[in-house]
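Dumped start_39.cif below, it's mmCIF, C-alpha atoms and all ligand atoms:
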data_input
#
loop_
_atom_site.label_atom_id
_atom_site.label_comp_id
_atom_site.auth_asym_id
_atom_site.auth_seq_id
_atom_site.Cartn_x
_atom_site.Cartn_y
_atom_site.Cartn_z
CA MET B 10 44.59 21.88 -10.52
CA SER B 11 40.86 22.19 -10.01
CA GLU B 12 37.68 21.70 -11.94
CA LEU B 13 34.08 22.87 -11.61
CA SER B 14 32.49 19.59 -10.56
CA ALA B 15 28.89 20.74 -10.07
CA ALA B 16 26.93 23.87 -10.94
CA ARG B 17 23.30 24.89 -10.67
CA TYR B 18 21.64 28.22 -10.10
CA GLY B 19 18.26 29.89 -10.17
CA LYS B 20 15.79 31.95 -8.14
CA ASP B 21 14.66 31.04 -4.66
CA ASN B 22 11.81 32.43 -2.55
CA ILE B 23 9.66 33.53 -5.48
CA ARG B 24 6.40 34.35 -3.71
CA LEU B 25 3.12 34.51 -5.56
CA CYS B 26 -0.57 34.41 -4.89
CA LYS B 27 -3.19 33.46 -7.49
CA VAL B 28 -6.88 34.26 -7.08
CA HIS B 29 -9.34 32.16 -9.04
CA ARG B 30 -12.76 33.79 -9.40
CA ASP B 31 -15.54 31.42 -10.40
CA GLU B 32 -17.71 33.47 -12.74
CA GLY B 33 -20.86 31.44 -12.15
CA THR B 34 -20.81 31.40 -8.35
CA ASN B 35 -18.47 34.33 -7.62
CA ILE B 36 -16.65 32.00 -5.22
CA HIS B 37 -12.96 32.83 -5.01
CA THR B 38 -10.11 30.41 -4.38
CA VAL B 39 -6.71 31.63 -3.25
CA THR B 40 -3.40 29.81 -3.73
CA GLU B 41 -0.26 31.27 -2.17
CA MET B 42 3.08 29.66 -2.77
CA THR B 43 6.83 30.06 -2.55
CA VAL B 44 8.79 28.70 -5.50
CA CYS B 45 12.43 27.81 -6.06
CA VAL B 46 13.76 27.16 -9.59
CA LEU B 47 17.28 25.84 -10.22
CA VAL B 48 18.76 24.91 -13.59
CA GLU B 49 21.72 22.81 -14.68
CA GLY B 50 23.28 22.23 -18.08
CA ASP B 51 25.94 23.69 -20.34
CA ILE B 52 26.52 26.64 -18.04
CA ASN B 53 30.04 25.97 -16.79
CA SER B 54 31.59 28.70 -18.94
CA SER B 55 29.64 31.31 -16.95
CA TYR B 56 31.62 30.24 -13.88
CA THR B 57 34.97 29.39 -15.42
CA ARG B 58 35.23 31.95 -18.27
CA ALA B 59 32.92 34.75 -17.09
CA ASP B 60 30.71 33.95 -20.09
CA ASN B 61 27.22 35.31 -19.46
CA SER B 62 25.99 34.30 -22.92
CA VAL B 63 24.80 31.00 -21.42
CA VAL B 64 23.05 32.60 -18.47
CA VAL B 65 19.27 32.79 -18.20
CA ALA B 66 19.03 35.66 -15.70
CA THR B 67 17.45 34.62 -12.43
CA ASP B 68 15.27 37.70 -12.82
CA SER B 69 13.89 36.18 -16.05
CA MET B 70 13.22 32.96 -14.13
CA LYS B 71 11.14 34.93 -11.63
CA ASN B 72 9.21 36.53 -14.53
CA THR B 73 8.66 33.09 -16.05
CA VAL B 74 7.15 31.77 -12.81
CA TYR B 75 4.72 34.72 -12.64
CA LEU B 76 3.75 34.39 -16.32
CA LEU B 77 3.23 30.62 -16.24
CA ALA B 78 1.17 31.06 -13.05
CA LYS B 79 -1.03 33.45 -15.03
CA GLN B 80 -1.32 31.09 -18.03
CA TYR B 81 -1.65 27.68 -16.36
CA PRO B 82 -3.24 26.11 -13.28
CA VAL B 83 -1.12 26.44 -10.13
CA THR B 84 -2.76 23.49 -8.42
CA PRO B 85 -1.99 20.79 -7.63
CA PRO B 86 1.59 21.93 -6.87
CA GLU B 87 2.95 18.78 -8.53
CA LEU B 88 1.40 19.89 -11.82
CA PHE B 89 2.56 23.51 -11.61
CA GLY B 90 6.06 22.34 -10.66
CA SER B 91 6.09 20.02 -13.68
CA ILE B 92 4.86 22.78 -16.02
CA LEU B 93 7.62 25.08 -14.79
CA ALA B 94 10.36 22.46 -14.87
CA SER B 95 9.44 21.33 -18.41
CA HIS B 96 9.29 24.92 -19.66
CA PHE B 97 12.97 25.62 -19.03
CA ILE B 98 14.06 22.36 -20.69
CA GLU B 99 11.91 23.06 -23.74
CA LEU B 100 12.84 26.72 -24.20
CA TYR B 101 16.61 26.50 -23.58
CA PRO B 102 18.43 23.71 -25.45
CA HIS B 103 21.53 24.08 -23.24
CA ILE B 104 19.56 23.55 -20.01
CA HIS B 105 19.33 19.82 -19.29
CA VAL B 106 17.94 19.63 -15.76
CA THR B 107 15.46 21.82 -13.91
CA ARG B 108 14.70 21.46 -10.21
CA VAL B 109 11.56 23.17 -8.97
CA LYS B 110 10.24 23.28 -5.42
CA VAL B 111 6.73 24.59 -4.81
CA VAL B 112 5.68 25.25 -1.21
CA THR B 113 1.95 25.95 -0.86
CA HIS B 114 0.81 27.86 2.21
CA ARG B 115 -2.56 27.36 3.85
CA TRP B 116 -5.44 29.73 3.15
CA THR B 117 -8.47 27.89 4.51
CA ARG B 118 -11.91 29.22 3.69
CA MET B 119 -13.60 30.96 6.65
CA THR B 120 -16.92 29.70 7.97
CA ILE B 121 -19.06 32.76 8.69
CA ASP B 122 -22.58 32.43 10.19
CA GLY B 123 -22.24 28.68 9.59
CA GLU B 124 -21.57 29.11 5.85
CA PRO B 125 -18.35 28.82 3.81
CA HIS B 126 -17.43 32.40 2.96
CA PRO B 127 -16.90 33.10 -0.78
CA HIS B 128 -13.79 35.25 -0.48
CA SER B 129 -12.38 35.20 3.10
CA PHE B 130 -9.68 32.83 4.31
CA LEU B 131 -7.59 32.16 7.39
CA ARG B 132 -4.10 30.79 7.96
CA ASP B 133 -4.80 27.77 10.15
CA GLY B 134 -1.25 26.72 10.87
CA ALA B 135 2.22 26.74 9.42
CA GLU B 136 1.71 23.43 7.61
CA THR B 137 2.66 23.48 3.92
CA ARG B 138 1.93 21.18 1.01
CA ASN B 139 5.06 20.78 -1.09
CA ALA B 140 6.09 19.42 -4.46
CA GLU B 141 9.66 18.89 -5.63
CA VAL B 142 9.98 18.28 -9.34
CA VAL B 143 13.11 17.33 -11.26
CA CYS B 144 12.82 17.42 -15.05
CA LYS B 145 15.75 15.78 -16.88
CA ARG B 146 16.12 16.07 -20.65
CA GLY B 147 15.75 12.63 -22.22
CA THR B 148 14.75 10.99 -18.92
CA GLY B 149 11.46 12.42 -17.72
CA ILE B 150 9.86 14.10 -14.75
CA PHE B 151 10.52 12.96 -11.22
CA VAL B 152 7.96 14.15 -8.66
CA LYS B 153 8.15 14.09 -4.88
CA SER B 154 5.24 15.38 -2.78
CA GLY B 155 5.28 16.36 0.85
CA ILE B 156 3.84 17.87 3.98
CA GLN B 157 5.93 20.04 6.28
CA GLY B 158 5.26 21.89 9.51
CA LEU B 159 2.22 19.91 10.67
CA LEU B 160 2.44 20.24 14.46
CA VAL B 161 0.71 17.48 16.46
CA LEU B 162 0.53 16.38 20.09
CA LYS B 163 -1.10 13.53 22.00
CA SER B 164 -1.38 13.57 25.78
CA THR B 165 -1.39 9.79 26.24
CA GLY B 166 -1.07 6.61 24.15
CA SER B 167 2.71 6.89 23.94
CA ALA B 168 5.35 4.93 25.87
CA PHE B 169 9.11 4.51 25.70
CA TYR B 170 10.82 1.65 27.51
CA GLY B 171 13.20 -1.23 26.87
CA PHE B 172 15.96 0.97 25.45
CA ILE B 173 19.69 0.42 26.15
CA LYS B 174 20.69 1.21 29.71
CA ASN B 175 24.28 1.79 30.71
CA ASP B 176 26.52 4.36 32.39
CA TYR B 177 25.28 7.02 29.98
CA THR B 178 21.58 6.50 30.69
CA SER B 179 19.62 8.84 32.92
CA LEU B 180 16.21 8.66 31.17
CA GLY B 181 13.63 6.62 33.03
CA GLU B 182 11.26 4.24 31.31
CA THR B 183 7.73 5.48 30.79
CA SER B 184 4.49 3.76 29.86
CA ASP B 185 2.63 7.05 29.44
CA ARG B 186 4.10 10.26 28.07
CA ILE B 187 3.17 13.25 25.95
CA LEU B 188 4.17 12.76 22.31
CA SER B 189 4.54 15.75 20.04
CA THR B 190 6.17 16.25 16.67
CA GLU B 191 6.20 18.46 13.61
CA VAL B 192 5.51 16.24 10.66
CA ASP B 193 7.83 16.35 7.67
CA ALA B 194 6.61 13.61 5.32
CA ASN B 195 7.46 13.03 1.66
CA TRP B 196 6.33 10.51 -0.89
CA GLU B 197 7.94 9.80 -4.28
CA TRP B 198 5.98 8.89 -7.36
CA GLY B 199 7.24 6.70 -10.18
CA LEU B 200 8.95 8.54 -13.03
CA PHE B 201 6.63 10.37 -15.47
CA ASN B 202 7.88 10.26 -19.05
CA THR B 203 6.30 13.53 -20.20
CA LEU B 204 4.31 16.51 -18.96
CA GLY B 205 1.30 14.84 -20.62
CA ASP B 206 1.78 11.86 -18.29
CA VAL B 207 1.74 14.19 -15.29
CA GLU B 208 -1.43 15.87 -16.62
CA ARG B 209 -3.16 12.51 -17.10
CA ASN B 210 -2.49 11.73 -13.43
CA ILE B 211 -3.61 15.03 -11.88
CA PRO B 212 -6.22 13.47 -9.52
CA LEU B 213 -3.52 11.20 -8.05
CA PHE B 214 -1.71 14.11 -6.44
CA ASP B 215 -4.64 15.40 -4.36
CA MET B 216 -5.58 11.83 -3.52
CA GLY B 217 -1.99 11.11 -2.43
CA TRP B 218 -1.84 14.22 -0.26
CA GLU B 219 -5.18 13.45 1.39
CA SER B 220 -4.18 9.83 2.05
CA ALA B 221 -0.77 10.76 3.43
CA ARG B 222 -2.22 13.46 5.68
CA ASN B 223 -5.11 11.32 6.94
CA ILE B 224 -2.89 8.30 7.53
CA THR B 225 -0.36 10.43 9.40
CA LEU B 226 -3.00 11.96 11.67
CA GLN B 227 -5.00 8.75 12.17
CA THR B 228 -1.93 6.66 12.96
CA PHE B 229 -0.52 9.33 15.26
CA ALA B 230 -3.81 9.49 17.17
CA LYS B 231 -4.73 5.78 17.25
CA ASP B 232 -1.40 4.00 17.55
CA ASN B 233 -0.39 2.88 21.01
CA SER B 234 3.08 4.18 20.31
CA VAL B 235 6.11 2.38 21.77
CA SER B 236 8.48 4.78 20.03
CA VAL B 237 8.51 7.45 17.34
CA GLN B 238 10.45 4.95 15.19
CA ALA B 239 7.76 2.24 15.34
CA THR B 240 4.89 4.68 14.81
CA MET B 241 6.42 6.41 11.80
CA TYR B 242 7.22 3.06 10.17
CA LYS B 243 3.53 2.16 10.42
CA MET B 244 2.58 5.48 8.84
CA ALA B 245 4.94 5.02 5.91
CA ASN B 246 3.77 1.45 5.26
CA LYS B 247 0.12 2.49 5.30
CA ILE B 248 0.80 5.19 2.69
CA LEU B 249 2.56 2.64 0.45
CA GLU B 250 -0.46 0.36 0.85
CA ALA B 251 -3.01 3.09 0.13
CA VAL B 252 -1.28 4.66 -2.86
CA PRO B 253 0.18 2.02 -5.22
CA GLU B 254 1.76 4.67 -7.47
CA VAL B 255 4.05 5.82 -4.63
CA ASN B 256 7.45 4.10 -4.49
CA ASN B 257 9.07 5.57 -1.36
CA VAL B 258 7.87 7.38 1.72
CA ASP B 259 10.11 9.26 4.09
CA TYR B 260 9.43 10.87 7.43
CA SER B 261 11.54 13.20 9.51
CA LEU B 262 10.03 13.64 12.97
CA PRO B 263 11.48 15.74 15.77
CA ASN B 264 10.58 14.39 19.20
CA LYS B 265 9.38 17.57 20.90
CA HIS B 266 9.88 16.63 24.52
CA TYR B 267 7.51 17.61 27.35
CA PHE B 268 9.20 16.98 30.69
CA GLU B 269 7.37 16.15 33.86
CA ILE B 270 8.07 18.62 36.68
CA ASP B 271 8.81 17.11 40.07
CA MET B 272 7.06 19.27 42.69
CA LYS B 273 7.48 17.13 45.78
CA TRP B 274 9.99 19.67 47.19
CA HIS B 275 6.92 21.88 47.76
CA ASN B 276 4.69 20.37 50.43
CA GLU B 277 5.02 16.94 48.75
CA VAL B 278 2.92 18.11 45.75
CA LYS B 279 2.41 15.14 43.41
CA ASN B 280 3.05 15.98 39.73
CA THR B 281 4.83 12.96 38.25
CA GLY B 282 3.71 9.65 36.75
CA LYS B 283 -0.06 9.24 36.99
CA ASP B 284 -0.28 12.57 38.87
CA ALA B 285 1.47 14.60 36.15
CA GLU B 286 -0.54 17.63 35.03
CA VAL B 287 1.91 20.49 34.59
CA TYR B 288 4.72 19.81 32.10
CA ALA B 289 7.70 21.83 30.84
CA PRO B 290 7.79 21.92 27.01
CA GLN B 291 11.41 21.73 25.78
CA SER B 292 12.57 23.77 22.81
CA ASP B 293 15.95 22.02 22.63
CA PRO B 294 17.59 19.65 22.37
CA ASN B 295 15.08 17.42 20.60
CA GLY B 296 15.21 13.87 19.29
CA LEU B 297 15.17 13.65 15.51
CA ILE B 298 13.92 10.41 14.02
CA LYS B 299 14.02 9.72 10.28
CA CYS B 300 13.22 6.85 7.98
CA THR B 301 12.59 6.01 4.35
CA VAL B 302 10.35 3.06 3.55
CA SER B 303 10.50 1.77 -0.03
CA ARG B 304 8.26 -0.57 -1.94
CA THR B 305 10.13 -3.82 -2.49
CA LYS B 306 9.92 -4.90 -6.10
CA THR B 307 8.34 -8.34 -6.27
CA SER B 308 10.20 -10.53 -8.71
CA LYS B 309 8.21 -11.50 -11.79
CA LEU B 310 10.25 -14.68 -12.31
O1 LIG B 401 10.37 7.49 20.64
C1 LIG B 401 11.51 7.68 21.07
N1 LIG B 401 12.58 7.20 20.39
C2 LIG B 401 13.87 7.39 20.82
O2 LIG B 401 14.84 6.93 20.16
C3 LIG B 401 14.05 8.09 22.01
N2 LIG B 401 15.17 8.46 22.72
C4 LIG B 401 14.74 9.14 23.80
O3 LIG B 401 15.49 9.65 24.68
N3 LIG B 401 13.38 9.23 23.82
C5 LIG B 401 12.94 8.57 22.72
N4 LIG B 401 11.68 8.37 22.23
#

Represent the supplied structure as structure tokens.
Amino acid sequence: MSELSAARYGKDNIRLCKVHRDEGTNIHTVTEMTVCVLVEGDINSSYTRADNSVVVATDSMKNTVYLLAKQYPVTPPELFGSILASHFIELYPHIHVTRVKVVTHRWTRMTIDGEPHPHSFLRDGAETRNAEVVCKRGTGIFVKSGIQGLLVLKSTGSAFYGFIKNDYTSLGETSDRILSTEVDANWEWGLFNTLGDVERNIPLFDMGWESARNITLQTFAKDNSVSVQATMYKMANKILEAVPEVNNVDYSLPNKHYFEIDMKWHNEVKNTGKDAEVYAPQSDPNGLIKCTVSRTKTSKL
């Protein structure tokens, strides 16, 4: 015997670009994104009884994303994700949950002859600003925001010592190393009851993103890091402090190792410790350090 214990489907990798043209100034703004929409609900018969009468075609989902992008603002991504997620719940009574992920790609305005250019942009890095929205009928809208692909490196101000040493240990202690990672950070907001609630809080989302990004960069640069673990914990706590509406922060940080190269075999060339200048960047394996830091609920009793 078997049963269908979970089912969701939708369209992934829906790419779109929206150009906003300010009529007064003729300044353009470009937003490019990749969207995933997944729905859940009374759809089991499409799997178990080949019943397509309950199926919203994924092609129609793609059309919906394009049309709603035309009709509504696409920024901040948390808002557009909420508009999309609510739409499917409202239009289709048998759909009870929608999961939308919006990944916004960077198009940063060019500076030309010292001036911001009205309609030319550059891709300054693979970093994305993301929003994951889950809309549940009768429950509300759950929003998680994030940054992915933000590649950073510091050439000092990072140490790693005091770790467990035994028969399996070959790593030496260091008081000064290169630290590099690709930031994957996410922060969860409290539940929004309705789309109207999300709309009333629009400024929060840009503020949250700016705080999270600034705190990540500032802490990375300024912290005298004793480990990735300790530094990321500081980052997460600072975001919780700065943005009271955020309940949880998680980080996933690869430790992108840069190995010193011993050159003493060649005429006693010194290239380790305080003499290190030429390093070998490692593509794999890499450390992978994760954490979630949650706001503890203070008892009202
Ligand atoms: O910051 C670090 N944390 C670790 O857990 C670890 N493990 C390791 O080999 N190097 C590092 N660096």

What is the atom CA of Phe169 of chain B to atom CA of Ala285 of chain B distance in Å? 16.4 Å

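Counting from atom CA of His126 of chain B, the distance to atom CA of Lys27 of chain B is 17.7 Å.
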
What are the nearest atom pairs, with distances in Å to one decimal, for all residues of chain B that come at most 9 Å from ligand LIG 401 (chain B), using all atoms listed in the file, set out by chain and rising residue number as a Markdown table?
| residue | atom | partner | partner_atom | distance |
| --- | --- | --- | --- | --- |
| B:Ser167 | CA | B:LIG401 | O1 | 8.4 |
| B:Ala168 | CA | B:LIG401 | O1 | 7.7 |
| B:Phe169 | CA | B:LIG401 | N4 | 5.8 |
| B:Tyr170 | CA | B:LIG401 | N4 | 8.6 |
| B:Phe172 | CA | B:LIG401 | N2 | 8.0 |
| B:Leu180 | CA | B:LIG401 | O3 | 6.6 |
| B:Leu188 | CA | B:LIG401 | O1 | 8.3 |
| B:Ser234 | CA | B:LIG401 | O1 | 8.0 |
| B:Val235 | CA | B:LIG401 | O1 | 6.7 |
| B:Ser236 | CA | B:LIG401 | O1 | 3.4 |
| B:Val237 | CA | B:LIG401 | O1 | 3.8 |
| B:Gln238 | CA | B:LIG401 | O1 | 6.0 |
| B:Ala239 | CA | B:LIG401 | O1 | 7.9 |
| B:Thr240 | CA | B:LIG401 | O1 | 8.5 |
| B:Asn264 | CA | B:LIG401 | N4 | 6.8 |
| B:His266 | CA | B:LIG401 | N3 | 8.2 |
| B:Asn295 | CA | B:LIG401 | O3 | 8.8 |
| B:Gly296 | CA | B:LIG401 | N2 | 6.4 |
| B:Leu297 | CA | B:LIG401 | O2 | 8.2 |
| B:Ile298 | CA | B:LIG401 | O2 | 7.1 |

Please list as a ChimeraX atom specification every residue within 9 Å of Tyr242 of chain B, counting all atoms listed in the file and excluding residues in the same chain fewer than 5 positions away. /B:237,247,260,300-302

Take the selection from the previous step and output its residues with C-alpha atoms, as a PDB file, keeping the file's coordinate frame.
ATOM      1  CA  VAL B 237       8.510   7.450  17.340  1.00  0.00           C
ATOM      2  CA  LYS B 247       0.120   2.490   5.300  1.00  0.00           C
ATOM      3  CA  TYR B 260       9.430  10.870   7.430  1.00  0.00           C
ATOM      4  CA  CYS B 300      13.220   6.850   7.980  1.00  0.00           C
ATOM      5  CA  THR B 301      12.590   6.010   4.350  1.00  0.00           C
ATOM      6  CA  VAL B 302      10.350   3.060   3.550  1.00  0.00           C
TER       7      VAL B 302
END

If you count all atoms listed in the file, which residues fall within 12 Å of Glu286 of chain B, apart from same-chain ones fewer than 2 positions away, as a ChimeraX atom specification? /B:164-165,186-187,267-272,278-284,288-289

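Computed from the coordinates, the atom CA of Ser62 of chain B to atom CA of Cys45 of chain B distance equals 22.6 Å.
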
My list of candidates is B:Val207, B:Leu226, B:Val255, B:Met119. Which is closest to Leu160 of chain B when distances are computed with all atoms listed in the file? B:Leu226

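In this comparison, which uses all atoms listed in the file, the residue of B:Pro85, B:Pro102, B:Pro125, B:Gly147 approaching Thr203 of chain B most closely is B:Gly147.
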
Name the residues within 7 Å of (15.1, 19.0, -22.7), counting all atoms listed in the file in the file's coordinates, and put them as a list of chain:residue names. B:Ile98, B:Glu99, B:Pro102, B:Ile104, B:His105, B:Lys145, B:Arg146, B:Gly147

Would you fill the gaps in segment 11-32 of chain B so it has N, CA and C atoms, then print it as a PDB file, keeping the file's coordinate frame?
ATOM      1  N   SER B  11      42.228  22.309 -10.513  1.00  0.00           N
ATOM      2  CA  SER B  11      40.860  22.190 -10.010  1.00  0.00           C
ATOM      3  C   SER B  11      39.904  22.123 -11.196  1.00  0.00           C
ATOM      4  N   GLU B  12      38.711  21.679 -10.904  1.00  0.00           N
ATOM      5  CA  GLU B  12      37.680  21.700 -11.940  1.00  0.00           C
ATOM      6  C   GLU B  12      36.347  22.023 -11.290  1.00  0.00           C
ATOM      7  N   LEU B  13      35.437  22.609 -12.084  1.00  0.00           N
ATOM      8  CA  LEU B  13      34.080  22.870 -11.610  1.00  0.00           C
ATOM      9  C   LEU B  13      33.339  21.545 -11.673  1.00  0.00           C
ATOM     10  N   SER B  14      33.052  20.945 -10.523  1.00  0.00           N
ATOM     11  CA  SER B  14      32.490  19.590 -10.560  1.00  0.00           C
ATOM     12  C   SER B  14      30.971  19.568 -10.469  1.00  0.00           C
ATOM     13  N   ALA B  15      30.360  20.666 -10.074  1.00  0.00           N
ATOM     14  CA  ALA B  15      28.890  20.740 -10.070  1.00  0.00           C
ATOM     15  C   ALA B  15      28.480  22.202 -10.121  1.00  0.00           C
ATOM     16  N   ALA B  16      27.410  22.481 -10.861  1.00  0.00           N
ATOM     17  CA  ALA B  16      26.930  23.870 -10.940  1.00  0.00           C
ATOM     18  C   ALA B  16      25.432  23.873 -11.200  1.00  0.00           C
ATOM     19  N   ARG B  17      24.716  24.621 -10.409  1.00  0.00           N
ATOM     20  CA  ARG B  17      23.300  24.890 -10.670  1.00  0.00           C
ATOM     21  C   ARG B  17      22.974  26.245 -10.069  1.00  0.00           C
ATOM     22  N   TYR B  18      22.004  26.911 -10.630  1.00  0.00           N
ATOM     23  CA  TYR B  18      21.640  28.220 -10.100  1.00  0.00           C
ATOM     24  C   TYR B  18      20.197  28.512 -10.478  1.00  0.00           C
ATOM     25  N   GLY B  19      19.649  29.548  -9.867  1.00  0.00           N
ATOM     26  CA  GLY B  19      18.260  29.890 -10.170  1.00  0.00           C
ATOM     27  C   GLY B  19      17.744  30.922  -9.191  1.00  0.00           C
ATOM     28  N   LYS B  20      16.419  30.978  -9.045  1.00  0.00           N
ATOM     29  CA  LYS B  20      15.790  31.950  -8.140  1.00  0.00           C
ATOM     30  C   LYS B  20      15.074  31.201  -7.035  1.00  0.00           C
ATOM     31  N   ASP B  21      15.315  31.647  -5.812  1.00  0.00           N
ATOM     32  CA  ASP B  21      14.660  31.040  -4.660  1.00  0.00           C
ATOM     33  C   ASP B  21      13.691  32.063  -4.046  1.00  0.00           C
ATOM     34  N   ASN B  22      12.754  31.569  -3.277  1.00  0.00           N
ATOM     35  CA  ASN B  22      11.810  32.430  -2.550  1.00  0.00           C
ATOM     36  C   ASN B  22      11.009  33.346  -3.470  1.00  0.00           C
ATOM     37  N   ILE B  23      10.570  32.788  -4.594  1.00  0.00           N
ATOM     38  CA  ILE B  23       9.660  33.530  -5.480  1.00  0.00           C
ATOM     39  C   ILE B  23       8.259  33.358  -4.886  1.00  0.00           C
ATOM     40  N   ARG B  24       7.721  34.439  -4.367  1.00  0.00           N
ATOM     41  CA  ARG B  24       6.400  34.350  -3.710  1.00  0.00           C
ATOM     42  C   ARG B  24       5.324  34.812  -4.670  1.00  0.00           C
ATOM     43  N   LEU B  25       4.243  34.054  -4.733  1.00  0.00           N
ATOM     44  CA  LEU B  25       3.120  34.510  -5.560  1.00  0.00           C
ATOM     45  C   LEU B  25       1.815  34.000  -4.996  1.00  0.00           C
ATOM     46  N   CYS B  26       0.777  34.744  -5.345  1.00  0.00           N
ATOM     47  CA  CYS B  26      -0.570  34.410  -4.890  1.00  0.00           C
ATOM     48  C   CYS B  26      -1.487  34.494  -6.101  1.00  0.00           C
ATOM     49  N   LYS B  27      -2.261  33.439  -6.350  1.00  0.00           N
ATOM     50  CA  LYS B  27      -3.190  33.460  -7.490  1.00  0.00           C
ATOM     51  C   LYS B  27      -4.621  33.372  -6.966  1.00  0.00           C
ATOM     52  N   VAL B  28      -5.458  34.269  -7.466  1.00  0.00           N
ATOM     53  CA  VAL B  28      -6.880  34.260  -7.080  1.00  0.00           C
ATOM     54  C   VAL B  28      -7.681  33.725  -8.254  1.00  0.00           C
ATOM     55  N   HIS B  29      -8.427  32.664  -8.019  1.00  0.00           N
ATOM     56  CA  HIS B  29      -9.340  32.160  -9.040  1.00  0.00           C
ATOM     57  C   HIS B  29     -10.748  32.624  -8.685  1.00  0.00           C
ATOM     58  N   ARG B  30     -11.398  33.296  -9.643  1.00  0.00           N
ATOM     59  CA  ARG B  30     -12.760  33.790  -9.400  1.00  0.00           C
ATOM     60  C   ARG B  30     -13.722  32.999 -10.270  1.00  0.00           C
ATOM     61  N   ASP B  31     -14.564  32.193  -9.635  1.00  0.00           N
ATOM     62  CA  ASP B  31     -15.540  31.420 -10.400  1.00  0.00           C
ATOM     63  C   ASP B  31     -16.647  32.356 -10.880  1.00  0.00           C
ATOM     64  N   GLU B  32     -16.788  32.462 -12.199  1.00  0.00           N
ATOM     65  CA  GLU B  32     -17.710  33.470 -12.740  1.00  0.00           C
ATOM     66  C   GLU B  32     -19.164  33.137 -12.435  1.00  0.00           C
TER      67      GLU B  32
END
